[in-house]
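**Student:** Handing over data_5.cif, mmCIF, C-alpha atoms; chains and numbers go by the auth columns.
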```cif
data_coords
#
loop_
_atom_site.group_PDB
_atom_site.id
_atom_site.type_symbol
_atom_site.label_atom_id
_atom_site.label_comp_id
_atom_site.label_asym_id
_atom_site.label_seq_id
_atom_site.Cartn_x
_atom_site.Cartn_y
_atom_site.Cartn_z
_atom_site.B_iso_or_equiv
_atom_site.auth_seq_id
_atom_site.auth_asym_id
ATOM 1 C CA MET A 1 0.000 0.000 0.000 0.00 1 A
ATOM 2 C CA ARG A 2 1.356 3.407 -0.993 0.00 2 A
ATOM 3 C CA VAL A 3 1.836 5.857 1.885 0.00 3 A
ATOM 4 C CA LEU A 4 0.151 9.192 1.137 0.00 4 A
ATOM 5 C CA PHE A 5 0.638 10.977 4.449 0.00 5 A
ATOM 6 C CA GLU A 6 2.572 10.347 7.631 0.00 6 A
ATOM 7 C CA LYS A 7 3.810 12.144 10.720 0.00 7 A
ATOM 8 C CA THR A 8 6.996 14.126 10.249 0.00 8 A
ATOM 9 C CA GLN A 9 10.084 12.795 11.986 0.00 9 A
ATOM 10 C CA ALA A 10 10.894 16.363 13.010 0.00 10 A
ATOM 11 C CA LEU A 11 8.302 16.209 15.805 0.00 11 A
ATOM 12 C CA THR A 12 8.387 14.002 18.888 0.00 12 A
ATOM 13 C CA ASP A 13 5.495 11.887 20.181 0.00 13 A
ATOM 14 C CA VAL A 14 4.798 14.272 23.079 0.00 14 A
ATOM 15 C CA PRO A 15 1.167 15.521 22.835 0.00 15 A
ATOM 16 C CA PHE A 16 0.781 19.260 22.288 0.00 16 A
ATOM 17 C CA HIS A 17 -0.379 21.184 25.358 0.00 17 A
ATOM 18 C CA TYR A 18 -1.911 24.040 23.362 0.00 18 A
ATOM 19 C CA CYS A 19 -5.534 25.114 23.798 0.00 19 A
ATOM 20 C CA PRO A 20 -8.122 23.784 21.307 0.00 20 A
ATOM 21 C CA GLY A 21 -8.129 25.981 18.217 0.00 21 A
ATOM 22 C CA CYS A 22 -4.655 27.437 18.796 0.00 22 A
ATOM 23 C CA THR A 23 -2.519 27.170 15.668 0.00 23 A
ATOM 24 C CA HIS A 24 0.861 26.720 17.396 0.00 24 A
ATOM 25 C CA GLY A 25 0.657 23.006 16.647 0.00 25 A
ATOM 26 C CA ILE A 26 0.052 23.533 12.926 0.00 26 A
ATOM 27 C CA VAL A 27 2.868 26.069 12.757 0.00 27 A
ATOM 28 C CA GLN A 28 5.269 23.658 14.405 0.00 28 A
ATOM 29 C CA ARG A 29 4.265 20.868 12.063 0.00 29 A
ATOM 30 C CA VAL A 30 4.905 23.136 9.059 0.00 30 A
ATOM 31 C CA ILE A 31 8.372 24.034 10.353 0.00 31 A
ATOM 32 C CA GLY A 32 9.099 20.398 11.161 0.00 32 A
ATOM 33 C CA GLU A 33 8.059 19.175 7.725 0.00 33 A
ATOM 34 C CA ILE A 34 10.405 21.637 6.032 0.00 34 A
ATOM 35 C CA LEU A 35 13.294 20.703 8.323 0.00 35 A
ATOM 36 C CA GLU A 36 12.754 17.072 7.367 0.00 36 A
ATOM 37 C CA GLU A 37 12.330 17.772 3.655 0.00 37 A
ATOM 38 C CA LEU A 38 15.565 19.785 3.613 0.00 38 A
ATOM 39 C CA GLN A 39 17.322 17.016 5.597 0.00 39 A
ATOM 40 C CA LEU A 40 18.346 19.434 8.333 0.00 40 A
ATOM 41 C CA LEU A 41 17.332 17.503 11.448 0.00 41 A
ATOM 42 C CA GLU A 42 20.842 16.415 12.394 0.00 42 A
ATOM 43 C CA LYS A 43 22.307 19.917 12.108 0.00 43 A
ATOM 44 C CA THR A 44 19.590 22.171 13.530 0.00 44 A
ATOM 45 C CA VAL A 45 19.355 23.988 16.860 0.00 45 A
ATOM 46 C CA GLY A 46 16.210 25.791 17.970 0.00 46 A
ATOM 47 C CA VAL A 47 16.027 28.544 20.589 0.00 47 A
ATOM 48 C CA THR A 48 12.875 29.299 22.558 0.00 48 A
ATOM 49 C CA GLY A 49 11.787 32.432 24.315 0.00 49 A
ATOM 50 C CA VAL A 50 9.123 32.705 27.036 0.00 50 A
ATOM 51 C CA GLY A 51 5.420 32.154 26.422 0.00 51 A
ATOM 52 C CA CYS A 52 3.198 29.440 24.977 0.00 52 A
ATOM 53 C CA GLY A 53 5.865 28.643 22.383 0.00 53 A
ATOM 54 C CA GLY A 54 8.476 28.370 25.112 0.00 54 A
ATOM 55 C CA PHE A 55 7.601 24.709 25.575 0.00 55 A
ATOM 56 C CA SER A 56 8.306 23.837 21.951 0.00 56 A
ATOM 57 C CA GLU A 57 11.558 22.084 22.800 0.00 57 A
ATOM 58 C CA GLN A 58 9.350 19.183 23.903 0.00 58 A
ATOM 59 C CA TYR A 59 7.853 18.837 20.448 0.00 59 A
ATOM 60 C CA PHE A 60 10.688 19.366 17.960 0.00 60 A
ATOM 61 C CA ASN A 61 13.018 16.441 17.386 0.00 61 A
ATOM 62 C CA VAL A 62 16.108 18.674 17.219 0.00 62 A
ATOM 63 C CA ASP A 63 18.457 20.169 19.805 0.00 63 A
ATOM 64 C CA PHE A 64 17.023 23.140 21.691 0.00 64 A
ATOM 65 C CA GLN A 65 18.277 25.913 23.942 0.00 65 A
ATOM 66 C CA GLY A 66 16.064 28.016 26.194 0.00 66 A
ATOM 67 C CA SER A 67 16.620 31.731 26.649 0.00 67 A
ATOM 68 C CA ALA A 68 15.509 34.588 28.870 0.00 68 A
ATOM 69 C CA HIS A 69 12.378 36.491 27.920 0.00 69 A
ATOM 70 C CA GLY A 70 12.857 38.028 24.462 0.00 70 A
ATOM 71 C CA ARG A 71 16.525 37.136 24.182 0.00 71 A
ATOM 72 C CA ALA A 72 16.246 34.213 21.761 0.00 72 A
ATOM 73 C CA PRO A 73 17.806 36.110 18.802 0.00 73 A
ATOM 74 C CA ALA A 74 20.834 37.011 20.947 0.00 74 A
ATOM 75 C CA VAL A 75 21.274 33.399 22.090 0.00 75 A
ATOM 76 C CA ALA A 76 20.780 32.159 18.527 0.00 76 A
ATOM 77 C CA THR A 77 23.404 34.634 17.338 0.00 77 A
ATOM 78 C CA GLY A 78 25.935 33.216 19.786 0.00 78 A
ATOM 79 C CA ILE A 79 25.209 29.635 18.720 0.00 79 A
ATOM 80 C CA LYS A 80 25.424 30.455 15.009 0.00 80 A
ATOM 81 C CA ARG A 81 28.667 32.424 15.338 0.00 81 A
ATOM 82 C CA ALA A 82 30.261 29.669 17.398 0.00 82 A
ATOM 83 C CA HIS A 83 28.997 26.925 15.075 0.00 83 A
ATOM 84 C CA PRO A 84 28.363 28.477 11.633 0.00 84 A
ATOM 85 C CA GLU A 85 27.809 25.022 10.145 0.00 85 A
ATOM 86 C CA LEU A 86 24.554 24.645 12.097 0.00 86 A
ATOM 87 C CA ILE A 87 21.058 25.782 11.116 0.00 87 A
ATOM 88 C CA VAL A 88 19.738 27.926 13.966 0.00 88 A
ATOM 89 C CA PHE A 89 16.191 29.203 14.412 0.00 89 A
ATOM 90 C CA THR A 90 14.176 30.937 17.114 0.00 90 A
ATOM 91 C CA TYR A 91 10.543 30.202 17.961 0.00 91 A
ATOM 92 C CA GLN A 92 8.802 33.093 19.735 0.00 92 A
ATOM 93 C CA GLY A 93 5.432 34.670 20.361 0.00 93 A
ATOM 94 C CA ASP A 94 4.594 38.325 19.810 0.00 94 A
ATOM 95 C CA GLY A 95 4.662 39.054 23.546 0.00 95 A
ATOM 96 C CA ASP A 96 8.216 37.748 23.575 0.00 96 A
ATOM 97 C CA MET A 97 9.705 39.064 20.321 0.00 97 A
ATOM 98 C CA VAL A 98 7.764 42.279 19.741 0.00 98 A
ATOM 99 C CA SER A 99 7.799 43.508 23.347 0.00 99 A
ATOM 100 C CA ILE A 100 10.756 42.817 25.620 0.00 100 A
ATOM 101 C CA GLY A 101 12.646 41.196 22.731 0.00 101 A
ATOM 102 C CA MET A 102 12.177 43.962 20.153 0.00 102 A
ATOM 103 C CA ALA A 103 15.750 45.235 20.436 0.00 103 A
ATOM 104 C CA GLU A 104 17.238 41.760 20.046 0.00 104 A
ATOM 105 C CA ALA A 105 15.162 41.049 16.935 0.00 105 A
ATOM 106 C CA ILE A 106 15.840 44.394 15.268 0.00 106 A
ATOM 107 C CA HIS A 107 19.570 44.373 15.907 0.00 107 A
ATOM 108 C CA ALA A 108 19.958 40.734 14.823 0.00 108 A
ATOM 109 C CA ALA A 109 18.316 41.740 11.545 0.00 109 A
ATOM 110 C CA ALA A 110 20.367 44.939 11.278 0.00 110 A
ATOM 111 C CA ARG A 111 23.582 42.936 11.688 0.00 111 A
ATOM 112 C CA GLY A 112 22.420 40.423 9.109 0.00 112 A
ATOM 113 C CA GLU A 113 22.855 37.522 11.513 0.00 113 A
ATOM 114 C CA LYS A 114 22.521 34.282 9.580 0.00 114 A
ATOM 115 C CA ILE A 115 19.682 32.890 11.677 0.00 115 A
ATOM 116 C CA THR A 116 15.982 32.294 11.060 0.00 116 A
ATOM 117 C CA ALA A 117 13.258 33.632 13.354 0.00 117 A
ATOM 118 C CA PHE A 118 9.677 32.406 13.581 0.00 118 A
ATOM 119 C CA LEU A 119 7.169 34.787 15.166 0.00 119 A
ATOM 120 C CA VAL A 120 3.715 33.523 16.175 0.00 120 A
ATOM 121 C CA ASN A 121 1.473 36.579 16.521 0.00 121 A
ATOM 122 C CA ASN A 122 -1.866 36.110 18.325 0.00 122 A
ATOM 123 C CA SER A 123 -2.201 39.790 19.312 0.00 123 A
ATOM 124 C CA ASN A 124 -1.921 39.263 23.076 0.00 124 A
ATOM 125 C CA TYR A 125 0.194 37.724 25.841 0.00 125 A
ATOM 126 C CA GLY A 126 -1.259 34.237 25.496 0.00 126 A
ATOM 127 C CA MET A 127 0.389 32.332 28.347 0.00 127 A
ATOM 128 C CA THR A 128 0.133 34.894 31.132 0.00 128 A
ATOM 129 C CA GLY A 129 -3.546 35.773 30.928 0.00 129 A
ATOM 130 C CA GLY A 130 -4.266 37.588 27.692 0.00 130 A
ATOM 131 C CA GLN A 131 -2.802 41.007 28.468 0.00 131 A
ATOM 132 C CA MET A 132 -2.462 43.707 25.816 0.00 132 A
ATOM 133 C CA ALA A 133 0.645 43.250 23.663 0.00 133 A
ATOM 134 C CA PRO A 134 2.396 45.547 21.164 0.00 134 A
ATOM 135 C CA THR A 135 0.436 43.689 18.473 0.00 135 A
ATOM 136 C CA THR A 136 -3.019 44.121 20.058 0.00 136 A
ATOM 137 C CA LEU A 137 -5.408 45.792 17.622 0.00 137 A
ATOM 138 C CA ILE A 138 -7.095 49.131 18.157 0.00 138 A
ATOM 139 C CA GLY A 139 -10.359 48.490 19.997 0.00 139 A
ATOM 140 C CA GLN A 140 -9.387 44.928 20.911 0.00 140 A
ATOM 141 C CA LYS A 141 -10.363 43.980 24.459 0.00 141 A
ATOM 142 C CA THR A 142 -7.807 42.198 26.621 0.00 142 A
ATOM 143 C CA SER A 143 -7.387 41.595 30.338 0.00 143 A
ATOM 144 C CA THR A 144 -5.458 44.887 30.602 0.00 144 A
ATOM 145 C CA SER A 145 -7.534 46.813 28.046 0.00 145 A
ATOM 146 C CA PRO A 146 -11.098 45.847 29.045 0.00 146 A
ATOM 147 C CA TYR A 147 -12.573 48.744 27.070 0.00 147 A
ATOM 148 C CA GLY A 148 -10.446 48.068 24.013 0.00 148 A
ATOM 149 C CA ARG A 149 -6.999 49.346 23.065 0.00 149 A
ATOM 150 C CA GLN A 150 -6.965 53.107 22.515 0.00 150 A
ATOM 151 C CA SER A 151 -4.336 54.672 20.264 0.00 151 A
ATOM 152 C CA GLU A 152 -4.238 57.851 22.354 0.00 152 A
ATOM 153 C CA GLU A 153 -3.092 55.861 25.385 0.00 153 A
ATOM 154 C CA SER A 154 -1.238 52.853 23.981 0.00 154 A
ATOM 155 C CA GLY A 155 -0.258 53.733 20.437 0.00 155 A
ATOM 156 C CA TYR A 156 -0.805 51.493 17.448 0.00 156 A
ATOM 157 C CA PRO A 157 -0.112 47.809 16.737 0.00 157 A
ATOM 158 C CA VAL A 158 3.468 47.023 15.742 0.00 158 A
ATOM 159 C CA ASP A 159 3.999 45.118 12.488 0.00 159 A
ATOM 160 C CA LEU A 160 7.552 43.912 13.126 0.00 160 A
ATOM 161 C CA PRO A 161 8.138 42.243 9.729 0.00 161 A
ATOM 162 C CA ALA A 162 7.192 45.477 7.934 0.00 162 A
ATOM 163 C CA LEU A 163 9.766 47.334 10.053 0.00 163 A
ATOM 164 C CA LEU A 164 12.520 44.802 9.392 0.00 164 A
ATOM 165 C CA CYS A 165 12.131 45.111 5.632 0.00 165 A
ATOM 166 C CA ASN A 166 13.931 48.452 5.838 0.00 166 A
ATOM 167 C CA LEU A 167 17.073 46.834 7.239 0.00 167 A
ATOM 168 C CA LYS A 168 19.756 45.756 4.781 0.00 168 A
ATOM 169 C CA GLY A 169 20.685 42.764 6.919 0.00 169 A
ATOM 170 C CA ALA A 170 17.203 41.254 6.572 0.00 170 A
ATOM 171 C CA ALA A 171 17.333 38.882 3.589 0.00 171 A
ATOM 172 C CA TYR A 172 13.907 37.265 3.656 0.00 172 A
ATOM 173 C CA VAL A 173 10.767 38.477 5.478 0.00 173 A
ATOM 174 C CA ALA A 174 7.223 37.140 5.217 0.00 174 A
ATOM 175 C CA THR A 175 3.907 37.105 7.059 0.00 175 A
ATOM 176 C CA VAL A 176 1.674 34.076 6.605 0.00 176 A
ATOM 177 C CA SER A 177 -1.136 32.156 8.268 0.00 177 A
ATOM 178 C CA VAL A 178 -2.233 28.533 8.562 0.00 178 A
ATOM 179 C CA ASP A 179 -5.999 29.102 8.607 0.00 179 A
ATOM 180 C CA THR A 180 -6.714 27.260 5.335 0.00 180 A
ATOM 181 C CA PRO A 181 -5.010 24.462 3.364 0.00 181 A
ATOM 182 C CA ALA A 182 -4.001 26.996 0.700 0.00 182 A
ATOM 183 C CA ASN A 183 -2.393 29.245 3.297 0.00 183 A
ATOM 184 C CA VAL A 184 -0.611 26.278 4.879 0.00 184 A
ATOM 185 C CA LEU A 185 1.074 25.686 1.511 0.00 185 A
ATOM 186 C CA LYS A 186 2.066 29.370 1.343 0.00 186 A
ATOM 187 C CA ALA A 187 3.428 29.092 4.880 0.00 187 A
ATOM 188 C CA LYS A 188 5.504 26.063 3.921 0.00 188 A
ATOM 189 C CA ARG A 189 7.011 27.997 1.012 0.00 189 A
ATOM 190 C CA ALA A 190 7.894 30.883 3.333 0.00 190 A
ATOM 191 C CA VAL A 191 9.537 28.587 5.888 0.00 191 A
ATOM 192 C CA ARG A 192 11.494 26.827 3.149 0.00 192 A
ATOM 193 C CA LEU A 193 12.804 30.105 1.713 0.00 193 A
ATOM 194 C CA ALA A 194 13.623 31.458 5.174 0.00 194 A
ATOM 195 C CA PHE A 195 15.846 28.449 5.812 0.00 195 A
ATOM 196 C CA LYS A 196 17.244 28.733 2.291 0.00 196 A
ATOM 197 C CA ALA A 197 18.316 32.308 3.033 0.00 197 A
ATOM 198 C CA GLN A 198 20.245 31.010 6.036 0.00 198 A
ATOM 199 C CA ILE A 199 21.731 28.065 4.158 0.00 199 A
ATOM 200 C CA GLU A 200 23.001 30.407 1.446 0.00 200 A
ATOM 201 C CA GLY A 201 24.374 32.848 4.017 0.00 201 A
ATOM 202 C CA LEU A 202 22.296 35.771 2.779 0.00 202 A
ATOM 203 C CA GLY A 203 21.474 37.226 6.190 0.00 203 A
ATOM 204 C CA PHE A 204 18.621 37.320 8.698 0.00 204 A
ATOM 205 C CA SER A 205 15.270 35.726 7.829 0.00 205 A
ATOM 206 C CA LEU A 206 11.897 36.032 9.576 0.00 206 A
ATOM 207 C CA VAL A 207 8.509 34.431 9.069 0.00 207 A
ATOM 208 C CA GLN A 208 5.562 35.783 11.062 0.00 208 A
ATOM 209 C CA PHE A 209 2.554 33.485 11.513 0.00 209 A
ATOM 210 C CA LEU A 210 -0.735 35.193 12.308 0.00 210 A
ATOM 211 C CA SER A 211 -2.410 32.936 14.864 0.00 211 A
ATOM 212 C CA THR A 212 -5.527 32.501 16.941 0.00 212 A
ATOM 213 C CA CYS A 213 -5.908 32.542 20.729 0.00 213 A
ATOM 214 C CA PRO A 214 -9.450 31.226 21.383 0.00 214 A
ATOM 215 C CA THR A 215 -9.089 31.038 25.176 0.00 215 A
ATOM 216 C CA ASN A 216 -8.028 34.640 25.727 0.00 216 A
ATOM 217 C CA TRP A 217 -10.173 36.002 22.919 0.00 217 A
ATOM 218 C CA GLY A 218 -13.214 34.323 24.488 0.00 218 A
ATOM 219 C CA LEU A 219 -14.188 32.670 21.201 0.00 219 A
ATOM 220 C CA ASN A 220 -14.591 29.127 19.981 0.00 220 A
ATOM 221 C CA PRO A 221 -12.017 27.780 17.477 0.00 221 A
ATOM 222 C CA VAL A 222 -14.160 28.420 14.386 0.00 222 A
ATOM 223 C CA ASP A 223 -15.077 31.969 15.395 0.00 223 A
ATOM 224 C CA SER A 224 -11.419 32.622 16.270 0.00 224 A
ATOM 225 C CA ILE A 225 -10.363 31.815 12.719 0.00 225 A
ATOM 226 C CA GLU A 226 -13.030 34.165 11.370 0.00 226 A
ATOM 227 C CA TRP A 227 -12.002 36.935 13.801 0.00 227 A
ATOM 228 C CA MET A 228 -8.378 36.618 12.752 0.00 228 A
ATOM 229 C CA GLN A 229 -9.277 36.749 9.066 0.00 229 A
ATOM 230 C CA GLU A 230 -11.550 39.757 9.519 0.00 230 A
ATOM 231 C CA HIS A 231 -9.416 41.836 11.876 0.00 231 A
ATOM 232 C CA MET A 232 -5.777 40.694 11.813 0.00 232 A
ATOM 233 C CA PHE A 233 -5.323 40.089 8.098 0.00 233 A
ATOM 234 C CA PRO A 234 -6.046 43.737 7.178 0.00 234 A
ATOM 235 C CA GLU A 235 -3.820 45.074 9.993 0.00 235 A
ATOM 236 C CA PHE A 236 -0.626 43.122 9.296 0.00 236 A
ATOM 237 C CA GLN A 237 0.898 43.238 5.835 0.00 237 A
ATOM 238 C CA MET A 238 0.797 39.684 4.521 0.00 238 A
ATOM 239 C CA GLY A 239 2.797 37.747 1.950 0.00 239 A
ATOM 240 C CA GLU A 240 6.472 37.887 1.059 0.00 240 A
ATOM 241 C CA LEU A 241 7.531 41.350 2.175 0.00 241 A
ATOM 242 C CA LYS A 242 11.191 40.986 1.237 0.00 242 A
ATOM 243 C CA CYS A 243 12.604 38.248 -0.952 0.00 243 A
ATOM 244 C CA PRO A 244 15.910 37.851 -2.830 0.00 244 A
ATOM 245 C CA GLU A 245 15.441 38.126 -6.581 0.00 245 A
ATOM 246 C CA THR A 246 17.064 34.730 -7.075 0.00 246 A
ATOM 247 C CA PHE A 247 14.258 33.146 -5.024 0.00 247 A
ATOM 248 C CA ARG A 248 11.581 34.515 -7.346 0.00 248 A
ATOM 249 C CA ARG A 249 12.828 32.699 -10.441 0.00 249 A
#
```
Could you quickly redo this structure as structure tokens?
**Tutor:**
Amino acid sequence: MRVLFEKTQALTDVPFHYCPGCTHGIVQRVIGEILEELQLLEKTVGVTGVGCGGFSEQYFNVDFQGSAHGRAPAVATGIKRAHPELIVFTYQGDGDMVSIGMAEAIHAAARGEKITAFLVNNSNYGMTGGQMAPTTLIGQKTSTSPYGRQSEESGYPVDLPALLCNLKGAAYVATVSVDTPANVLKAKRAVRLAFKAQIEGLGFSLVQFLSTCPTNWGLNPVDSIEWMQEHMFPEFQMGELKCPETFRR
């Protein structure tokens, strides 16, 4: 019998702990499938930050290093510079990378560090109770903005990938989602090219995944997908935001 589909060897057998409807698990499967397809499992090191994604070292079947809150790009930089033959990636949420870790992410990109960063953006601090994050949308209610985020008090949502496109050291930047089968395929392409940019030594690469957070949004999984499509997709610039010309051929 011909095998049509099977579990990627890049993930362990540990069950995901994520809430029902959260897309962290799909994102990690996408990354794992690409690592396996590119035959990178034996030479890859992941670095986690703090947050829901901070437990991902349990799920990926590659070496992992934890880091302090937001400092994953700095730790990844040290690993890559000490062992340039390795493939090094970070896995972080928006509360980790776009808040306390903003400086580390921006300067890693500015220096053109040859690492790959994955940002899972669910527009709030998912693990710690759903507080307002730098990515929270205007009018969005959270545990620390019960009347909705107001621009006069808290400014506007930060679209980190759009900012990084202006930096010469950023080689590949994309924002994707995994809400539909078609978008999963687009996400796989983005992850593949992000790793390709690192393999070819072109510089820093980042893929942002727009994600749901049903528990903190107070929605069921289906409604969460619809809320993300209606509100987050227009706010964050999607697609390949910066791509080497050689990748477009």
**Student:** Quick one: of A:Thr246, A:Asn166, A:Ser177, A:Thr48, who's nearest to A:Val30, counting all atoms listed in the file?
**Tutor:** A:Ser177
**Student:** If you measure from atom CA of A:Leu119 to atom CA of A:His24, what distance in Å do you get, rounded to one decimal?
**Tutor:**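 Computing the Euclidean distance for atom CA of A:Leu119 and atom CA of A:His24 yields 10.5 Å.
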**Student:** Expressed in Å to a single decimal, how great is the separation between atom CA of A:Cys165 and atom CA of A:Ala72?
**Tutor:**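 Between these atoms lies a distance of 19.9 Å.
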**Student:** When the PyMOL selection byres ((chain A and resi 53-57) around 9) is applied to the structure above, which residues does it catch, written out as a ChimeraX atom specification?
**Tutor:** /A:16-17,24,28,46-52,58-67,91-93,120,127
**Student:** Filtering to C-alpha atoms, could you give me those residues as a PDB file, in the frame of the given file?
**Tutor:**
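Dumped to part17.pdb:
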```
ATOM      1  CA  PHE A  16       0.781  19.260  22.288  1.00  0.00           C
ATOM      2  CA  HIS A  17      -0.379  21.184  25.358  1.00  0.00           C
ATOM      3  CA  HIS A  24       0.861  26.720  17.396  1.00  0.00           C
ATOM      4  CA  GLN A  28       5.269  23.658  14.405  1.00  0.00           C
ATOM      5  CA  GLY A  46      16.210  25.791  17.970  1.00  0.00           C
ATOM      6  CA  VAL A  47      16.027  28.544  20.589  1.00  0.00           C
ATOM      7  CA  THR A  48      12.875  29.299  22.558  1.00  0.00           C
ATOM      8  CA  GLY A  49      11.787  32.432  24.315  1.00  0.00           C
ATOM      9  CA  VAL A  50       9.123  32.705  27.036  1.00  0.00           C
ATOM     10  CA  GLY A  51       5.420  32.154  26.422  1.00  0.00           C
ATOM     11  CA  CYS A  52       3.198  29.440  24.977  1.00  0.00           C
ATOM     12  CA  GLN A  58       9.350  19.183  23.903  1.00  0.00           C
ATOM     13  CA  TYR A  59       7.853  18.837  20.448  1.00  0.00           C
ATOM     14  CA  PHE A  60      10.688  19.366  17.960  1.00  0.00           C
ATOM     15  CA  ASN A  61      13.018  16.441  17.386  1.00  0.00           C
ATOM     16  CA  VAL A  62      16.108  18.674  17.219  1.00  0.00           C
ATOM     17  CA  ASP A  63      18.457  20.169  19.805  1.00  0.00           C
ATOM     18  CA  PHE A  64      17.023  23.140  21.691  1.00  0.00           C
ATOM     19  CA  GLN A  65      18.277  25.913  23.942  1.00  0.00           C
ATOM     20  CA  GLY A  66      16.064  28.016  26.194  1.00  0.00           C
ATOM     21  CA  SER A  67      16.620  31.731  26.649  1.00  0.00           C
ATOM     22  CA  TYR A  91      10.543  30.202  17.961  1.00  0.00           C
ATOM     23  CA  GLN A  92       8.802  33.093  19.735  1.00  0.00           C
ATOM     24  CA  GLY A  93       5.432  34.670  20.361  1.00  0.00           C
ATOM     25  CA  VAL A 120       3.715  33.523  16.175  1.00  0.00           C
ATOM     26  CA  MET A 127       0.389  32.332  28.347  1.00  0.00           C
TER      27      MET A 127
END
```
**Student:** Residues of stretch 2-77 of chain A within 10 Å of stretch 192-214 of chain A: nearest atom pair and distance (Å, one decimal) for each, counting only C-alpha atoms, sorted by chain and number, as CSV?
**Tutor:**
```
residue,atom,partner,partner_atom,distance
A:Tyr18,CA,A:Cys213,CA,9.8
A:Cys19,CA,A:Pro214,CA,7.7
A:Pro20,CA,A:Pro214,CA,7.6
A:Gly21,CA,A:Pro214,CA,6.3
A:Cys22,CA,A:Thr212,CA,5.5
A:Thr23,CA,A:Ser211,CA,5.8
A:His24,CA,A:Ser211,CA,7.5
A:Ile26,CA,A:Ser211,CA,9.9
A:Val27,CA,A:Phe209,CA,7.5
A:Val30,CA,A:Arg192,CA,9.6
A:Ile31,CA,A:Arg192,CA,8.3
A:Glu33,CA,A:Arg192,CA,9.6
A:Ile34,CA,A:Arg192,CA,6.0
A:Leu35,CA,A:Arg192,CA,8.2
A:Glu37,CA,A:Arg192,CA,9.1
A:Leu38,CA,A:Arg192,CA,8.1
A:Leu40,CA,A:Phe195,CA,9.7
```
**Student:** What would the selection look like, as a PyMOL selection string, if the PyMOL selection byres ((chain A and resi 216) around 10) were run on the coordinates I just shared?
**Tutor:** chain A and resi 122+124-131+141-143+212-215+217-219
**Student:** Under the PyMOL selection byres ((chain A and resi 244) around 9), which residues of this model are included? Write them out as a PDB file with C-alpha atoms, in the frame of the given file.
**Tutor:**
```
ATOM      1  CA  ALA A 171      17.333  38.882   3.589  1.00  0.00           C
ATOM      2  CA  TYR A 172      13.907  37.265   3.656  1.00  0.00           C
ATOM      3  CA  ALA A 197      18.316  32.308   3.033  1.00  0.00           C
ATOM      4  CA  LEU A 202      22.296  35.771   2.779  1.00  0.00           C
ATOM      5  CA  LYS A 242      11.191  40.986   1.237  1.00  0.00           C
ATOM      6  CA  CYS A 243      12.604  38.248  -0.952  1.00  0.00           C
ATOM      7  CA  GLU A 245      15.441  38.126  -6.581  1.00  0.00           C
ATOM      8  CA  THR A 246      17.064  34.730  -7.075  1.00  0.00           C
ATOM      9  CA  PHE A 247      14.258  33.146  -5.024  1.00  0.00           C
ATOM     10  CA  ARG A 248      11.581  34.515  -7.346  1.00  0.00           C
TER      11      ARG A 248
END
```
**Student:** Considering only C-alpha atoms, return as an mmCIF file with C-alpha atoms, in the coordinates of the input whatever protein or nucleic-acid residues lie within 6 Å of A:Gly101, sequence-local ones (same chain, fewer than 3 positions apart) excluded.
**Tutor:**
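Written output follows (around.cif):
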```cif
data_model
loop_
_atom_site.group_PDB
_atom_site.id
_atom_site.type_symbol
_atom_site.label_atom_id
_atom_site.label_comp_id
_atom_site.auth_asym_id
_atom_site.auth_seq_id
_atom_site.Cartn_x
_atom_site.Cartn_y
_atom_site.Cartn_z
ATOM 1 C CA GLY A 70 12.857 38.028 24.462
ATOM 2 C CA ARG A 71 16.525 37.136 24.182
ATOM 3 C CA ASP A 96 8.216 37.748 23.575
ATOM 4 C CA MET A 97 9.705 39.064 20.321
ATOM 5 C CA VAL A 98 7.764 42.279 19.741
ATOM 6 C CA GLU A 104 17.238 41.760 20.046
#
```
**Student:** From the set A:Gly139, A:Gly148, A:Gly78, A:Pro161, which residue has the shortest atom-to-atom contact distance to A:Asp94, counting only C-alpha atoms?
**Tutor:**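 Smallest separation from A:Asp94 among the options: A:Pro161.
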**Student:** Enter the distance from atom CA of A:Thr136 to atom CA of A:Ile100, in Å, rounded to one decimal.
**Tutor:**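 Atom CA of A:Ile100 lies 14.9 Å from atom CA of A:Thr136.
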**Student:** Which residue, A:Arg111, A:Lys7, A:His69, A:Lys43, has the smallest gap to A:Val88 when you use only C-alpha atoms?
**Tutor:**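 Comparing A:Arg111, A:Lys7, A:His69, A:Lys43 against A:Val88, the winner is A:Lys43.
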